Amino acid sequence: MKLCYLITGFFLASITNVALADLEPWTDYELSEGVTNVTTVKVDSNMIDKYLEGLKATWAPANEVAKELGQIEGYWIHVSQLPNGGDFNVVLGVDFKDSAALQPDKAQYDAFMKKWGEANQAKSDEIVLTYPEIREIVGEYNMRSVTFK
């Protein structure tokens with residue numbers, strides 16, 4: 001019986017030690033200056049290819065323009081291999097240099113629209129109208145990378 005109390009005591013002590021081991025930013029880890037805007041999307045599992053087709057025609061080219069203009073660092077798409085396995089099955093990411101790059105900027109908007117053009121915008125608007133039938137945006141996050149020291 002004493003062994004049981006001893007084991008229980010060690011177990012409780014180890015849990016307490018874990019709870020007390022709080023990390024401190026800039027001492028134990030750093031956050032990146034760069035920010036990634038992440039959007040989680042639930043696409044009907046039989047419509048993922050249709051959704052990707054639309055992204056290839058609209059979202060990706062628009063991000064290419066923004067990248068060429070230096071407004072974003074990059075972008076990416078991840079698709080779940082288990083499309084019915086959770087709350088979302090497509091993840092869209094756009095990487096920004098820092099938080100300042102997320103702020104509204106008329107000059108950057110004008111530069112983007114000049115290069116993107118009204119024809120591309122009209123095409124994008126038409127394609128995006130079909131999205132509510134096949135997908136739901138379930139979350140959006142601005143995230144930073146963590147580096148442990």
# chains A, B, ... in the order shown; residues from 1 in each chain; ligands from 1

$ select_by_dssp --residues "stretch 6-138 of chain A" --states "alpha helix (DSSP H)" --output "ChimeraX atom specification"
/A:6-20,48-57,59-68,106-128

$ residues_around --residues "stretch 70-82 of chain A" --least-positions-apart "6" --cutoff "8 Å" --atoms "only C-alpha atoms" --output "list in words"
Ala60, Asn63, Asn89, Val90, Val91, Leu92, Gly93, Val94, Asp95, Phe96, Lys97, Ala101 and Gln108 of chain A

$ write_last_selection --atoms "N, CA and C atoms" --output "JSON list (two decimals), in the first residue's frame"
[["chain", "number", "residue", "atom", "x", "y", "z"],
["A", 60, "ALA", "N", -4.55, 31.85, -57.38],
["A", 60, "ALA", "CA", -3.11, 31.69, -57.63],
["A", 60, "ALA", "C", -2.55, 32.80, -58.52],
["A", 63, "ASN", "N", -2.27, 36.00, -56.57],
["A", 63, "ASN", "CA", -1.14, 35.95, -55.64],
["A", 63, "ASN", "C", 0.19, 36.06, -56.37],
["A", 89, "ASN", "N", -10.93, 20.69, -45.23],
["A", 89, "ASN", "CA", -10.13, 19.78, -46.06],
["A", 89, "ASN", "C", -9.23, 20.51, -47.04],
["A", 90, "VAL", "N", -9.28, 21.83, -47.06],
["A", 90, "VAL", "CA", -8.38, 22.64, -47.87],
["A", 90, "VAL", "C", -7.87, 23.78, -46.99],
["A", 91, "VAL", "N", -6.57, 24.04, -47.09],
["A", 91, "VAL", "CA", -5.97, 25.15, -46.34],
["A", 91, "VAL", "C", -5.24, 26.04, -47.33],
["A", 92, "LEU", "N", -5.56, 27.33, -47.29],
["A", 92, "LEU", "CA", -4.92, 28.32, -48.15],
["A", 92, "LEU", "C", -4.01, 29.18, -47.29],
["A", 93, "GLY", "N", -2.79, 29.42, -47.74],
["A", 93, "GLY", "CA", -1.87, 30.25, -46.98],
["A", 93, "GLY", "C", -1.23, 31.32, -47.83],
["A", 94, "VAL", "N", -1.09, 32.50, -47.25],
["A", 94, "VAL", "CA", -0.38, 33.61, -47.89],
["A", 94, "VAL", "C", 0.63, 34.12, -46.89],
["A", 95, "ASP", "N", 1.91, 34.13, -47.30],
["A", 95, "ASP", "CA", 3.01, 34.53, -46.43],
["A", 95, "ASP", "C", 3.36, 36.00, -46.65],
["A", 96, "PHE", "N", 3.38, 36.76, -45.55],
["A", 96, "PHE", "CA", 3.71, 38.18, -45.57],
["A", 96, "PHE", "C", 5.02, 38.41, -44.83],
["A", 97, "LYS", "N", 5.75, 39.42, -45.24],
["A", 97, "LYS", "CA", 7.04, 39.75, -44.64],
["A", 97, "LYS", "C", 6.90, 40.06, -43.15],
["A", 101, "ALA", "N", 2.81, 44.52, -43.61],
["A", 101, "ALA", "CA", 2.37, 44.14, -44.96],
["A", 101, "ALA", "C", 0.89, 43.78, -45.01],
["A", 108, "GLN", "N", -0.50, 50.34, -52.88],
["A", 108, "GLN", "CA", -0.31, 48.93, -53.23],
["A", 108, "GLN", "C", -1.54, 48.36, -53.94]]

$ atom_distance --atom1 "atom CA of A:Tyr109" --atom2 "atom CA of A:Ala66"
9.5 Å

$ select_by_dssp --residues "chain A" --states "strand (DSSP E or B)" --output "ChimeraX atom specification"
/A:25,29-31,35-43,74-79,90-96,135-143,146-148

$ residues_around --residues "A:Lys50" --least-positions-apart "4" --cutoff "12 Å" --atoms "only C-alpha atoms" --output "list in words"
Val43, Asp44, Ser45, Asn46, Gly54, Leu55, Lys56, Ala57, Ile127, Val128, Thr130, Tyr131, Glu133, Ile134 and Arg135 of chain A

$ closest_residue --among "A:Ser32, A:Phe88, A:Asp98, A:Ser124" --to "A:Pro61" --atoms "only C-alpha atoms"
A:Ser124

$ closest_residue --among "A:Asn142, A:Asn84, A:Met113, A:Glu24" --to "A:Thr36" --atoms "only C-alpha atoms"
A:Asn142

$ closest_residue --among "A:Lys42, A:Tyr51, A:Leu31, A:Leu69" --to "A:Ala111" --atoms "only C-alpha atoms"
A:Leu69

$ residues_around --residues "A:Thr58" --least-positions-apart "6" --cutoff "12 Å" --atoms "only C-alpha atoms" --output "compact mmCIF listing (two decimals) with C-alpha atoms, in the first residue's frame"
# COMPACT_ATOMS: atom_id res chain seq x y z
CA TYR A 51 -12.53 24.26 -56.32
CA LEU A 52 -8.83 23.83 -57.14
CA GLU A 64 1.49 35.71 -58.38
CA VAL A 65 0.84 39.37 -59.20
CA TRP A 116 -4.13 42.51 -62.44
CA ALA A 119 -10.64 41.62 -67.18
CA ASN A 120 -8.97 39.35 -64.63
CA GLN A 121 -11.06 40.85 -61.84
CA ALA A 122 -14.28 40.28 -63.77
CA LYS A 123 -13.27 36.66 -64.48
CA SER A 124 -12.45 36.13 -60.79
CA ASP A 125 -15.77 37.65 -59.71
CA GLU A 126 -17.64 35.28 -62.03
CA ILE A 127 -15.82 32.16 -60.82
CA VAL A 128 -16.08 33.09 -57.13
CA LEU A 129 -19.88 33.27 -57.47
CA TYR A 131 -17.97 28.83 -54.61

$ atom_distance --atom1 "atom CA of A:Ala62" --atom2 "atom CA of A:Lys115"
9.6 Å

$ residues_around --residues "A:Gly139" --least-positions-apart "6" --cutoff "8 Å" --atoms "only C-alpha atoms" --output "list of chain:residue names"
A:Thr39, A:Thr40, A:Val41

$ write_last_selection --atoms "C-alpha atoms" --output "mmCIF file, in the first residue's frame"
data_model
loop_
_atom_site.group_PDB
_atom_site.id
_atom_site.type_symbol
_atom_site.label_atom_id
_atom_site.label_comp_id
_atom_site.auth_asym_id
_atom_site.auth_seq_id
_atom_site.Cartn_x
_atom_site.Cartn_y
_atom_site.Cartn_z
ATOM 1 C CA THR A 39 -7.766 30.155 -44.344
ATOM 2 C CA THR A 40 -9.395 26.805 -43.620
ATOM 3 C CA VAL A 41 -12.071 25.710 -46.061
#

$ decode --residues "stretch 40-136 of chain A" --atoms "C-alpha atoms" --output "compact mmCIF listing (two decimals), in the first residue's frame"
# COMPACT_ATOMS: atom_id res chain seq x y z
CA THR A 40 -9.39 26.81 -43.62
CA VAL A 41 -12.07 25.71 -46.06
CA LYS A 42 -14.56 22.83 -46.06
CA VAL A 43 -15.13 21.83 -49.67
CA ASP A 44 -17.67 19.19 -50.64
CA SER A 45 -15.47 16.12 -50.97
CA ASN A 46 -16.55 15.46 -54.56
CA MET A 47 -15.88 19.11 -55.52
CA ILE A 48 -12.28 19.60 -54.44
CA ASP A 49 -10.96 19.39 -58.02
CA LYS A 50 -13.55 21.96 -59.17
CA TYR A 51 -12.53 24.26 -56.32
CA LEU A 52 -8.83 23.83 -57.14
CA GLU A 53 -9.62 24.62 -60.79
CA GLY A 54 -11.19 27.89 -59.68
CA LEU A 55 -8.23 28.71 -57.41
CA LYS A 56 -5.83 27.99 -60.28
CA ALA A 57 -7.72 30.47 -62.47
CA THR A 58 -8.19 33.22 -59.86
CA TRP A 59 -6.49 32.99 -56.46
CA ALA A 60 -3.11 31.69 -57.63
CA PRO A 61 -2.65 34.21 -60.48
CA ALA A 62 -3.71 37.08 -58.20
CA ASN A 63 -1.14 35.95 -55.64
CA GLU A 64 1.49 35.71 -58.38
CA VAL A 65 0.84 39.37 -59.20
CA ALA A 66 1.09 40.33 -55.53
CA LYS A 67 4.32 38.35 -55.24
CA GLU A 68 5.81 40.02 -58.35
CA LEU A 69 4.96 43.41 -56.82
CA GLY A 70 6.64 42.42 -53.54
CA GLN A 71 3.37 42.63 -51.61
CA ILE A 72 3.57 39.02 -50.41
CA GLU A 73 6.42 36.57 -49.86
CA GLY A 74 4.56 33.53 -51.19
CA TYR A 75 1.40 31.46 -51.08
CA TRP A 76 0.40 27.81 -50.86
CA ILE A 77 -2.49 25.36 -50.87
CA HIS A 78 -2.73 22.15 -48.83
CA VAL A 79 -5.42 19.55 -49.47
CA SER A 80 -6.35 16.79 -47.02
CA GLN A 81 -5.97 13.23 -48.19
CA LEU A 82 -8.96 12.48 -45.94
CA PRO A 83 -11.52 14.95 -47.33
CA ASN A 84 -14.31 13.88 -44.97
CA GLY A 85 -12.11 13.55 -41.90
CA GLY A 86 -12.67 16.86 -40.16
CA ASP A 87 -13.94 20.42 -40.11
CA PHE A 88 -11.87 21.47 -43.14
CA ASN A 89 -10.13 19.78 -46.06
CA VAL A 90 -8.38 22.64 -47.87
CA VAL A 91 -5.97 25.15 -46.34
CA LEU A 92 -4.92 28.32 -48.15
CA GLY A 93 -1.87 30.25 -46.98
CA VAL A 94 -0.38 33.61 -47.89
CA ASP A 95 3.01 34.53 -46.43
CA PHE A 96 3.71 38.18 -45.57
CA LYS A 97 7.04 39.75 -44.64
CA ASP A 98 5.64 41.24 -41.43
CA SER A 99 2.50 42.65 -39.82
CA ALA A 100 2.89 45.96 -41.65
CA ALA A 101 2.37 44.14 -44.96
CA LEU A 102 -1.16 43.28 -43.81
CA GLN A 103 -2.20 46.90 -43.42
CA PRO A 104 -4.44 48.55 -46.03
CA ASP A 105 -2.42 50.55 -48.54
CA LYS A 106 -4.03 52.46 -51.41
CA ALA A 107 -0.81 52.70 -53.43
CA GLN A 108 -0.31 48.93 -53.23
CA TYR A 109 -3.94 48.31 -54.13
CA ASP A 110 -3.68 50.62 -57.14
CA ALA A 111 -0.44 48.94 -58.28
CA PHE A 112 -2.06 45.52 -57.93
CA MET A 113 -5.22 46.50 -59.84
CA LYS A 114 -3.18 48.13 -62.61
CA LYS A 115 -1.22 44.92 -63.13
CA TRP A 116 -4.13 42.51 -62.44
CA GLY A 117 -6.54 44.38 -64.70
CA GLU A 118 -10.29 44.68 -64.93
CA ALA A 119 -10.64 41.62 -67.18
CA ASN A 120 -8.97 39.35 -64.63
CA GLN A 121 -11.06 40.85 -61.84
CA ALA A 122 -14.28 40.28 -63.77
CA LYS A 123 -13.27 36.66 -64.48
CA SER A 124 -12.45 36.13 -60.79
CA ASP A 125 -15.77 37.65 -59.71
CA GLU A 126 -17.64 35.28 -62.03
CA ILE A 127 -15.82 32.16 -60.82
CA VAL A 128 -16.08 33.09 -57.13
CA LEU A 129 -19.88 33.27 -57.47
CA THR A 130 -19.90 29.46 -57.86
CA TYR A 131 -17.97 28.83 -54.61
CA PRO A 132 -20.87 29.10 -52.10
CA GLU A 133 -22.40 26.02 -53.74
CA ILE A 134 -19.32 23.86 -53.07
CA ARG A 135 -17.41 25.28 -50.10
CA GLU A 136 -17.60 27.03 -46.76
